[in-house]
Amino acid sequence: MVLLLPSTRLLLGASLDGHPLEREAPQITGAKAGSTALFRLPSGAHGGRLELTLRRSGGIVPGHLSPVYLATETNVAPMRWLWVMGDGVTRMVALCIHLLTVFAIAVVWTARRRDPVFGWLFLLGAGSLLNVLSGSSLEPAWLGWSQKVVPLMVSALGLAVVGLALAILEVRRPRWLRYGVVILPLILILGTVAGLPAPLGRLTAFFFAMGGNLAGGVLLLGLGRRPTPWDQLLLAAPFLLTGCFALRDIAGLFGLVADPFMMTSHVRTLIIVAILALLMRRLAASLNELDVANETQRQRLLEQEAELTRLHAEAQERTAQFTLDEERRRLMRDLHDGVSGHLVSIIALSERREVHPGDIEAAARAALEDLRLVIDSLDLEDGDLRLALAGFRERLTPQLRRLGVGLVWSMEALPEVGGVAPTYALTILRILQEAITNALKHGPAGRIEVRGTRGLDDAAVLTVTNDRRDKARGPASVAGRGLDNMRRRARQLGGDIVLRLGETESSLTLTLPAVLAG
């Protein structure tokens, strides 16, 4: 057998023959708002004295007790939904969602302190949650005093609704509204302590909460702007319903309306749903803005990348053109310093009345040899120093053979040299040509050895060594500007020249870095 009370208000107790009966499910909230109660009778209970009590600890909410039904569990099964809606799982689920929502709002608010919407949402959610837990079975015993204070703090929730509506509409909130959230409940609490009747203080807080909900709902309807976003409409509906139900509940307090349930607290679930919808809408809007910003940024990056690619290509083209122009200037200078000088010598010799034909021939051969060096260096690429040296050897071998001078050539140990531009190769060949010319002239050499080796830090070392046929002449002379010119050219490439003179052998060593620094 079960004892069913479809509607009751205030704290309800039941006993059978002096033994307390327990509800089939404990009441979580709603003692003053109205609920449905279901008690299971002990097995084998027959007759006896059944007592029902309603208890109120302060406040102005009148008690209510509907007709009492004693029936079998099978007979009340069709009405079980009333008990679920009024007292059980639904309210517990709504309370859990309320807790999670307040926690989520607090987390978001800490990350977006500059957004006033989340501040007002947190104040509204936390205040509403405090009001729900006050006086419920979940409230700790040591917080029993809150039942006298929390109802007065409901007035701040009305101001919080107005502040939230203005924040959503992006309207400047008046300063008194922010101060009123703290000052108004404080005035009511101090007034109650000073002797203001508690029912009057609670009615005043209730009227402020009701007016705030109505004002916030009207503001969210658009404030004269059309169309109104759907999330504002969704949030305005529970606020307006809360205000209307508050009017109805006040009428019930004064006996103008007879109804077993106080409806204001039942709108809380709708407000939670509306707040969640608002949060999801703002989250979706933020994600959409982020997607648009990412796409815009991606397009800008693509445009900038294309622009940088174009600028890089232009810079490479200008660099290549500058390098080509620089190479041309260097080659022109080399032609002027080399071939032009030989041609001037030929012209000067031809203008003399008495000149030996061999002198003109020697000058012409020198000019031709210099021109060949320039031509061979024009088609060289980076790292082709071995190729330039091979061409130089092909021209040098027959010349030395005609003079009866032996040549030993070895470049197997020579490392790769980077940055060998045509003019740099030409400079290296000129140094070698000058070294061999000096060996033939000052030696005089009977055998010349040209060898390439690896030096420190992967440096390339080219050594020209010659013997001396006439050992009786003593050490070779180093007078003249030829050696200075060779050193100047070597230093332009980042290298250096060392000349060693001996009684029977002389050598000139050209050291070049791994990458030419000219």
# chains A, B, ... in the order shown; residues from 1 in each chain; ligands from 1
>>> select_by_dssp(residues="stretch 106-307 of chain A", states="alpha helix (DSSP H)", output="PyMOL selection string")
chain A and resi 106-111+116-133+146-168+175-194+198-220+230-253+268-307
>>> residues_around(residues="stretch 127-132 of chain A", least_positions_apart="3", cutoff="9 Å", atoms="only C-alpha atoms", output="PyMOL selection string")
chain A and resi 29-30+95+98-99+102+122-124+135-136+147+150-151+153-154+156-157+265+268
>>> select_by_dssp(residues="stretch 376-471 of chain A", states="strand (DSSP E)", output="PyMOL selection string")
chain A and resi 406-410+447-454+460-467
>>> residues_around(residues="A:Leu10", least_positions_apart="3", cutoff="10 Å", atoms="only C-alpha atoms", output="number ranges by chain")
A: 13, 30-35, 53-57, 61-65
>>> write_last_selection(atoms="N, CA and C atoms", output="CSV table (one decimal), in the first residue's frame")
chain,number,residue,atom,x,y,z
A,13,GLY,N,5.5,15.9,6.9
A,13,GLY,CA,5.9,14.7,7.6
A,13,GLY,C,4.7,13.8,7.8
A,30,GLY,N,12.0,22.5,-3.2
A,30,GLY,CA,10.6,22.8,-3.5
A,30,GLY,C,9.7,22.6,-2.3
A,31,ALA,N,10.2,22.7,-1.1
A,31,ALA,CA,9.3,22.5,0.1
A,31,ALA,C,8.3,23.7,0.1
A,32,LYS,N,8.7,24.9,-0.3
A,32,LYS,CA,7.8,26.0,-0.2
A,32,LYS,C,7.1,26.3,-1.6
A,33,ALA,N,7.6,25.7,-2.6
A,33,ALA,CA,7.1,25.9,-3.9
A,33,ALA,C,6.0,24.9,-4.3
A,34,GLY,N,5.9,23.8,-3.5
A,34,GLY,CA,4.9,22.8,-3.8
A,34,GLY,C,5.5,21.6,-4.5
A,35,SER,N,5.0,20.4,-4.1
A,35,SER,CA,5.5,19.2,-4.6
A,35,SER,C,4.5,18.1,-4.4
A,53,THR,N,1.8,16.1,9.0
A,53,THR,CA,2.1,17.4,9.6
A,53,THR,C,2.7,18.3,8.5
A,54,LEU,N,2.4,19.6,8.6
A,54,LEU,CA,3.0,20.6,7.8
A,54,LEU,C,3.7,21.6,8.7
A,55,ARG,N,5.0,21.8,8.4
A,55,ARG,CA,5.8,22.7,9.3
A,55,ARG,C,6.4,23.8,8.5
A,56,ARG,N,6.4,25.0,9.0
A,56,ARG,CA,6.9,26.2,8.4
A,56,ARG,C,7.9,26.9,9.3
A,57,SER,N,9.1,27.2,8.9
A,57,SER,CA,10.1,27.9,9.7
A,57,SER,C,10.2,29.3,9.1
A,61,VAL,N,4.9,32.1,3.0
A,61,VAL,CA,4.2,31.1,2.1
A,61,VAL,C,3.2,30.3,2.9
A,62,PRO,N,1.9,30.3,2.5
A,62,PRO,CA,0.9,29.5,3.2
A,62,PRO,C,1.1,28.0,2.9
A,63,GLY,N,0.7,27.2,3.9
A,63,GLY,CA,0.7,25.8,3.7
A,63,GLY,C,-0.4,25.3,2.8
A,64,HIS,N,-0.2,24.1,2.2
A,64,HIS,CA,-1.2,23.5,1.4
A,64,HIS,C,-1.2,22.0,1.5
A,65,LEU,N,-2.3,21.4,1.5
A,65,LEU,CA,-2.4,19.9,1.6
A,65,LEU,C,-3.6,19.5,0.7
>>> closest_residue(among="A:Arg281, A:Arg430, A:Arg401, A:Arg489", to="A:Ile448", atoms="only C-alpha atoms")
A:Arg401
>>> atom_distance(atom1="atom CA of A:Ile360", atom2="atom CA of A:Thr427")
25.5 Å
>>> residues_around(residues="A:Leu52", least_positions_apart="5", cutoff="10 Å", atoms="only C-alpha atoms", output="list in words")
Leu12, Gly13, Ala14, Ser15, Leu16, Pro20, Leu21, Leu65 and Val68 of chain A
>>> closest_residue(among="A:Val292, A:Leu159, A:Leu50, A:Leu4", to="A:Thr36", atoms="only C-alpha atoms")
A:Leu4
